[in-house]
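Below you'll find the structure, written out as structure tokens, and then a few comments.
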Amino acid sequence: MTPKNIEAYVDAAAAALDLRLRPDHRAGVLRYFALAADFAAVVEAVPLDAHDEPAVHFTPVVRTEPSE
């Protein structure tokens with residue numbers, strides 16, 4: 001998303017939610033939304049097939065240091 005797209009989306013979302021965005025908060029909201037859009041682009045870049053399904057349960061793997 002371009003900075004103009006982000007501004008337009010934030011303004012439209014705030015208006016739709018009847019949310020008054022204070023001027024001193026605006027820059028932070030736009031910065032956060034840009035960050036979230038970047039994260040979304042990374043997730044959307046992962047190719048999925050029709051048979052791919054979400055995990056029922058996520059268990060993080062503990063990173064182990066390689067033995068030397």
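By convention here, the chains of the structure tokens are called A, B, ... in the order presented, each chain's residues are numbered starting at 1, and ligands are numbered starting at 1 in the order presented.
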
- [ ] Among the residues of region 19-67 of chain A, find those DSSP assigns to helix (DSSP H, G or I) from the backbone and print them as a ChimeraX atom specification.
- [x] /A:23-44

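Summary of the local environment: counting only C-alpha atoms, residues at most 9 Å from region 34-47 of chain A, other than itself and those fewer than 3 positions away along its chain, are Met1, Thr2, Pro3, Ile6, Val29, Leu30 and Arg31 of chain A.
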
- [ ] Have a look at CA of Tyr32 (chain A) and CA of Asp11 (chain A) and let me know their distance in Å, one decimal.
- [x]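 Spanning CA of Tyr32 (chain A) to CA of Asp11 (chain A) is a straight-line distance of 14.0 Å.
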
- [ ] Figure out the distance between CA of Asp49 (chain A) and CA of Arg63 (chain A), please, to one decimal in Å.
- [x] 28.2 Å
